[in-house]
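Q: Next up, final-v4.cif (mmCIF, C-alpha atoms).
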```
data_final
#
loop_
_atom_site.group_PDB
_atom_site.id
_atom_site.type_symbol
_atom_site.label_atom_id
_atom_site.label_comp_id
_atom_site.auth_asym_id
_atom_site.auth_seq_id
_atom_site.Cartn_x
_atom_site.Cartn_y
_atom_site.Cartn_z
ATOM 1 C CA MET A 98 78.730 110.151 117.432
ATOM 2 C CA THR A 99 77.349 108.067 114.577
ATOM 3 C CA MET A 100 79.689 106.998 111.816
ATOM 4 C CA ASP A 101 78.714 108.169 108.339
ATOM 5 C CA TYR A 102 79.826 105.175 106.294
ATOM 6 C CA ILE A 103 78.985 106.635 102.896
ATOM 7 C CA ALA A 104 80.643 110.000 103.574
ATOM 8 C CA SER A 105 83.707 108.200 104.930
ATOM 9 C CA THR A 106 83.834 106.002 101.836
ATOM 10 C CA GLN A 107 83.533 109.054 99.602
ATOM 11 C CA ALA A 108 86.303 110.774 101.564
ATOM 12 C CA TRP A 109 88.475 107.683 101.038
ATOM 13 C CA LEU A 110 87.707 107.754 97.315
ATOM 14 C CA LYS A 111 88.702 111.411 97.095
ATOM 15 C CA THR A 112 91.723 111.297 99.400
ATOM 16 C CA VAL A 113 93.261 107.898 98.718
ATOM 17 C CA VAL A 114 91.919 106.378 95.507
ATOM 18 C CA ILE A 115 91.843 109.616 93.499
ATOM 19 C CA GLY A 116 94.228 111.748 95.563
ATOM 20 C CA LEU A 117 97.017 109.186 95.337
ATOM 21 C CA ASN A 118 95.897 108.052 91.852
ATOM 22 C CA VAL A 119 95.587 104.449 93.001
ATOM 23 C CA CYS A 120 92.977 103.924 90.289
ATOM 24 C CA PRO A 121 93.605 106.071 87.219
ATOM 25 C CA PHE A 122 89.985 105.604 86.114
ATOM 26 C CA ALA A 123 88.217 106.644 89.321
ATOM 27 C CA ARG A 124 88.377 110.426 88.989
ATOM 28 C CA SER A 125 86.327 110.613 85.804
ATOM 29 C CA GLU A 126 83.644 108.275 87.178
ATOM 30 C CA VAL A 127 83.369 110.161 90.481
ATOM 31 C CA GLU A 128 83.149 113.470 88.594
ATOM 32 C CA ARG A 129 80.515 111.973 86.305
ATOM 33 C CA GLY A 130 78.511 110.825 89.328
ATOM 34 C CA SER A 131 78.488 107.214 88.154
ATOM 35 C CA VAL A 132 79.875 105.635 91.344
ATOM 36 C CA LYS A 133 77.193 104.249 93.638
ATOM 37 C CA CYS A 134 77.927 103.670 97.311
ATOM 38 C CA GLU A 135 75.551 101.228 98.955
ATOM 39 C CA LEU A 136 75.552 100.566 102.689
ATOM 40 C CA GLU A 137 74.901 97.044 103.982
ATOM 41 C CA THR A 138 74.183 96.934 107.717
ATOM 42 C CA SER A 139 73.373 93.249 108.076
ATOM 43 C CA THR A 140 75.772 90.800 109.681
ATOM 44 C CA ASP A 141 74.001 87.847 108.058
ATOM 45 C CA VAL A 142 76.069 86.370 105.216
ATOM 46 C CA ALA A 143 72.993 85.295 103.244
ATOM 47 C CA THR A 144 71.544 88.807 103.428
ATOM 48 C CA CYS A 145 74.868 90.300 102.346
ATOM 49 C CA LEU A 146 74.944 87.929 99.365
ATOM 50 C CA GLU A 147 71.354 88.781 98.443
ATOM 51 C CA ASN A 148 72.254 92.462 98.443
ATOM 52 C CA LEU A 149 75.272 91.765 96.243
ATOM 53 C CA ILE A 150 72.981 90.222 93.620
ATOM 54 C CA LEU A 151 70.536 93.123 94.034
ATOM 55 C CA GLN A 152 73.410 95.479 93.255
ATOM 56 C CA CYS A 153 74.247 93.453 90.142
ATOM 57 C CA GLU A 154 70.610 93.735 89.079
ATOM 58 C CA CYS A 155 70.727 97.471 89.734
ATOM 59 C CA LEU A 156 73.762 97.740 87.446
ATOM 60 C CA ASP A 157 71.906 95.638 84.860
ATOM 61 C CA GLN A 158 69.045 98.140 84.880
ATOM 62 C CA ASP A 159 70.920 101.450 85.089
ATOM 63 C CA ASP A 160 73.677 102.227 82.600
ATOM 64 C CA ASN A 161 74.307 105.536 84.385
ATOM 65 C CA ILE A 162 75.873 103.622 87.272
ATOM 66 C CA GLU A 163 79.324 102.534 86.209
ATOM 67 C CA THR A 164 80.429 100.909 89.423
ATOM 68 C CA THR A 165 79.140 100.135 92.912
ATOM 69 C CA LEU A 166 80.922 100.126 96.245
ATOM 70 C CA LEU A 167 79.083 97.838 98.625
ATOM 71 C CA VAL A 168 80.143 98.922 102.115
ATOM 72 C CA TYR A 169 79.719 96.536 105.060
ATOM 73 C CA ALA A 170 79.090 98.499 108.246
ATOM 74 C CA ASN A 171 78.762 95.605 110.675
ATOM 75 C CA ALA A 172 80.089 92.482 108.977
ATOM 76 C CA PHE A 173 83.449 91.004 108.106
ATOM 77 C CA GLU A 174 85.538 92.987 110.561
ATOM 78 C CA GLU A 175 88.063 90.145 110.653
ATOM 79 C CA PHE A 176 90.036 89.953 107.417
ATOM 80 C CA ASP A 177 89.909 86.142 107.245
ATOM 81 C CA ASP A 178 86.108 86.238 107.561
ATOM 82 C CA TYR A 179 86.036 88.808 104.791
ATOM 83 C CA LEU A 180 88.183 86.603 102.524
ATOM 84 C CA ASP A 181 85.819 83.683 103.167
ATOM 85 C CA PHE A 182 82.909 85.931 102.180
ATOM 86 C CA VAL A 183 84.708 87.087 99.023
ATOM 87 C CA ALA A 184 85.166 83.470 97.933
ATOM 88 C CA ILE A 185 81.454 82.776 98.437
ATOM 89 C CA ALA A 186 80.555 86.015 96.632
ATOM 90 C CA GLN A 187 82.742 85.041 93.641
ATOM 91 C CA ASP A 188 81.029 81.652 93.493
ATOM 92 C CA LEU A 189 77.629 83.324 93.673
ATOM 93 C CA LEU A 190 78.443 85.679 90.803
ATOM 94 C CA GLU A 191 79.395 82.660 88.719
ATOM 95 C CA ALA A 192 76.251 80.735 89.706
ATOM 96 C CA GLU A 193 74.071 83.748 88.839
ATOM 97 C CA HIS A 194 75.800 84.074 85.436
ATOM 98 C CA TYR A 195 77.514 87.348 86.305
ATOM 99 C CA GLU A 196 81.015 85.999 85.717
ATOM 100 C CA GLY A 197 82.463 88.041 82.863
ATOM 101 C CA VAL A 198 79.803 90.710 83.384
ATOM 102 C CA TYR A 199 80.906 92.106 86.739
ATOM 103 C CA GLN A 200 84.210 91.823 88.502
ATOM 104 C CA LEU A 201 84.788 92.114 92.229
ATOM 105 C CA ALA A 202 87.597 94.211 93.615
ATOM 106 C CA THR A 203 88.245 93.815 97.320
ATOM 107 C CA PHE A 204 88.986 96.404 100.003
ATOM 108 C CA HIS A 205 89.264 96.034 103.758
ATOM 109 C CA PRO A 206 90.726 98.049 106.661
ATOM 110 C CA HIS A 207 93.094 95.155 107.452
ATOM 111 C CA TYR A 208 93.844 94.124 103.882
ATOM 112 C CA CYS A 209 97.042 92.125 103.683
ATOM 113 C CA PHE A 210 98.380 90.625 100.492
ATOM 114 C CA GLU A 211 99.377 86.987 100.644
ATOM 115 C CA GLY A 212 103.024 86.745 101.616
ATOM 116 C CA ALA A 213 103.140 90.353 102.869
ATOM 117 C CA THR A 214 103.509 91.431 106.456
ATOM 118 C CA GLU A 215 100.618 93.334 107.992
ATOM 119 C CA ASP A 216 102.748 96.480 108.318
ATOM 120 C CA ASP A 217 103.789 96.500 104.639
ATOM 121 C CA ALA A 218 102.658 99.853 103.243
ATOM 122 C CA ALA A 219 101.840 98.077 99.949
ATOM 123 C CA ASN A 220 98.676 96.730 101.600
ATOM 124 C CA TYR A 221 97.246 100.254 101.468
ATOM 125 C CA THR A 222 96.499 99.829 97.777
ATOM 126 C CA ASN A 223 93.519 97.771 99.031
ATOM 127 C CA ARG A 224 92.913 99.213 102.481
ATOM 128 C CA SER A 225 89.698 101.107 103.000
ATOM 129 C CA PRO A 226 87.808 102.559 105.951
ATOM 130 C CA PHE A 227 85.403 99.584 106.016
ATOM 131 C CA PRO A 228 85.107 96.143 104.457
ATOM 132 C CA MET A 229 83.696 96.561 100.970
ATOM 133 C CA LEU A 230 83.219 94.936 97.627
ATOM 134 C CA HIS A 231 83.668 96.956 94.473
ATOM 135 C CA LEU A 232 81.492 95.800 91.580
ATOM 136 C CA LEU A 233 82.970 96.817 88.249
ATOM 137 C CA ARG A 234 81.490 96.423 84.802
ATOM 138 C CA GLU A 235 83.954 94.077 83.161
ATOM 139 C CA ASN A 236 83.394 95.425 79.633
ATOM 140 C CA SER A 237 84.077 98.988 80.819
ATOM 141 C CA LEU A 238 87.202 97.851 82.622
ATOM 142 C CA THR A 239 88.448 96.043 79.517
ATOM 143 C CA GLU A 240 87.791 99.136 77.403
ATOM 144 C CA ALA A 241 89.518 101.471 79.871
ATOM 145 C CA LEU A 242 92.568 99.227 80.121
ATOM 146 C CA ALA A 243 92.798 99.007 76.323
ATOM 147 C CA HIS A 244 93.310 102.780 76.187
ATOM 148 C CA TYR A 245 95.728 102.980 79.097
ATOM 149 C CA PRO A 246 99.464 102.695 78.372
ATOM 150 C CA ASN A 247 100.988 99.661 80.102
ATOM 151 C CA PRO A 248 98.042 98.752 82.349
ATOM 152 C CA ASP A 249 100.035 95.870 83.838
ATOM 153 C CA THR A 250 102.187 98.455 85.607
ATOM 154 C CA ILE A 251 99.305 99.896 87.659
ATOM 155 C CA PRO A 252 99.589 97.422 90.588
ATOM 156 C CA VAL A 253 103.393 97.590 90.641
ATOM 157 C CA ASN A 254 103.337 101.394 90.506
ATOM 158 C CA ASN A 255 100.789 101.500 93.332
ATOM 159 C CA ILE A 256 102.864 99.212 95.525
ATOM 160 C CA THR A 257 105.963 101.316 94.870
ATOM 161 C CA LEU A 258 104.034 104.516 95.629
ATOM 162 C CA MET A 259 102.618 103.170 98.892
ATOM 163 C CA ARG A 260 106.037 102.097 100.074
ATOM 164 C CA GLN A 261 107.468 105.516 99.159
ATOM 165 C CA ILE A 262 104.706 107.289 101.083
ATOM 166 C CA GLY A 263 105.289 105.028 104.066
ATOM 167 C CA LEU A 264 103.184 103.260 106.632
ATOM 168 C CA GLU A 265 102.768 106.106 109.138
ATOM 169 C CA THR A 266 101.673 108.632 106.516
ATOM 170 C CA LEU A 267 99.224 106.152 104.987
ATOM 171 C CA GLN A 268 97.765 105.301 108.388
ATOM 172 C CA ALA A 269 97.272 109.005 109.096
ATOM 173 C CA THR A 270 95.773 109.590 105.641
ATOM 174 C CA LEU A 271 93.259 106.761 106.020
ATOM 175 C CA ALA A 272 92.376 107.995 109.515
ATOM 176 C CA THR A 273 91.316 111.362 108.052
ATOM 177 C CA CYS A 274 88.649 109.637 105.971
ATOM 178 C CA TYR A 275 86.419 108.685 108.898
ATOM 179 C CA VAL A 276 83.467 111.073 109.071
#
```
Step by step, read the file and then write its structure as structure tokens.

A:
Amino acid sequence: MTMDYIASTQAWLKTVVIGLNVCPFARSEVERGSVKCELETSTDVATCLENLILQCECLDQDDNIETTLLVYANAFEEFDDYLDFVAIAQDLLEAEHYEGVYQLATFHPHYCFEGATEDDAANYTNRSPFPMLHLLRENSLTEALAHYPNPDTIPVNNITLMRQIGLETLQATLATCYV
């Protein structure tokens, strides 16, 4: 059976991100059809970085795309390798003058916040079916946060929610997203 990475990512968006209201802004963008999911199958870091810049250029050229999820099918399975890639990707965005234009949000199946244990349910705020980078338009994010009451509470509320739901339920929920 072949994994459908895009369908699984969309299932995760619907079930976890929107279903649990992890991101209060996601529902409207998904309903509007402005979320692009792009699959990267390369394991080569340079190729993955080139595609990241291509996705930035795509966002530059198409205002109908609000945000892009760049899904890595074959790369960055190890979380530490992924974090190394994220650091390089951040540097590349700066070097290509995209700092302040696009922001990277990070998601990984083994996401673990610094100082947290791997089995802390709070990690599920950033756990996804596959390693991925989320490119967000920084001006849109700033505008959305300006109209959201107490935006600083979003991460704290998400952590609290994940811990209330519990590790086993979250593991089972994420498992349902694989198509």

Q: To one decimal in Å, tell me the separation between CA of Phe210 in chain A and CA of Gln261 in chain A.

A: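 These atoms are spaced 17.5 Å apart.
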
Q: Which residues fall under the PyMOL selection byres ((chain A and resi 166) around 10) in this file, as number ranges by chain?

A: A: 103, 106-107, 132-136, 152, 164-165, 167-169, 201-204, 229-233

Q: Evaluate the PyMOL selection byres ((chain A and resi 172) around 9) on the structure here and hand back the selected residues as a PyMOL selection string.

A: chain A and resi 137-142+145+169-171+173-175+178-179+228

Q: Using all atoms listed in the file, can you tell me which of A:Ile256, A:Leu151, A:Gln268, A:Tyr245 comes closest to Pro206 in chain A?

A: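 The shortest atom-to-atom distance to Pro206 in chain A comes from A:Gln268.
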
Q: For this file, the PyMOL selection byres ((chain A and resi 111-118) around 9) selects which residues, as a PyMOL selection string?

A: chain A and resi 106-110+119-124+127+222+225+255+258-259+267+270-271+273-274

Q: For a quick check of understanding, using only C-alpha atoms, which of A:Pro226, A:Asn254, A:Leu238, A:His194 has the smallest distance to Val276 in chain A?

A: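 Counting only C-alpha atoms, the residue closest to Val276 in chain A is A:Pro226.
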
Q: Give me the residues near Glu193 in chain A as number ranges by chain, where near means some atom within 12 Å (using only C-alpha atoms) and where sequence neighbours in that chain fewer than 4 positions away do not count.

A: A: 146-147, 149-151, 153-154, 186-189, 197-199

Q: Please indicate the distance in Å from CA of Ala241 in chain A to CA of Ile162 in chain A, rounded to one decimal place.

A: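 Those two atoms sit 15.7 Å apart.
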
Q: Pick the closest to Thr257 in chain A from A:Asp217, A:Glu240, A:Glu211, A:Asp181: which is it, counting all atoms listed in the file?

A: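 Closest candidate: A:Asp217.
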
Q: Provide the CA of Arg234 in chain A to CA of Glu191 in chain A distance in Å, to one decimal place.

A: 14.5 Å

Q: Between A:Asn148, A:Asn223, A:Ser105, A:Asn161, which one has atoms that come closest to Pro252 in chain A, using all atoms listed in the file?

A: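 Result for the nearest residue to Pro252 in chain A: A:Asn223.
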
Q: Restricting the calculation to all atoms listed in the file: of A:Tyr208, A:Tyr221, A:Tyr195, A:Tyr102, which residue gets closest to Phe176 in chain A?

A: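 Among the listed residues, the smallest separation from Phe176 in chain A belongs to A:Tyr208.
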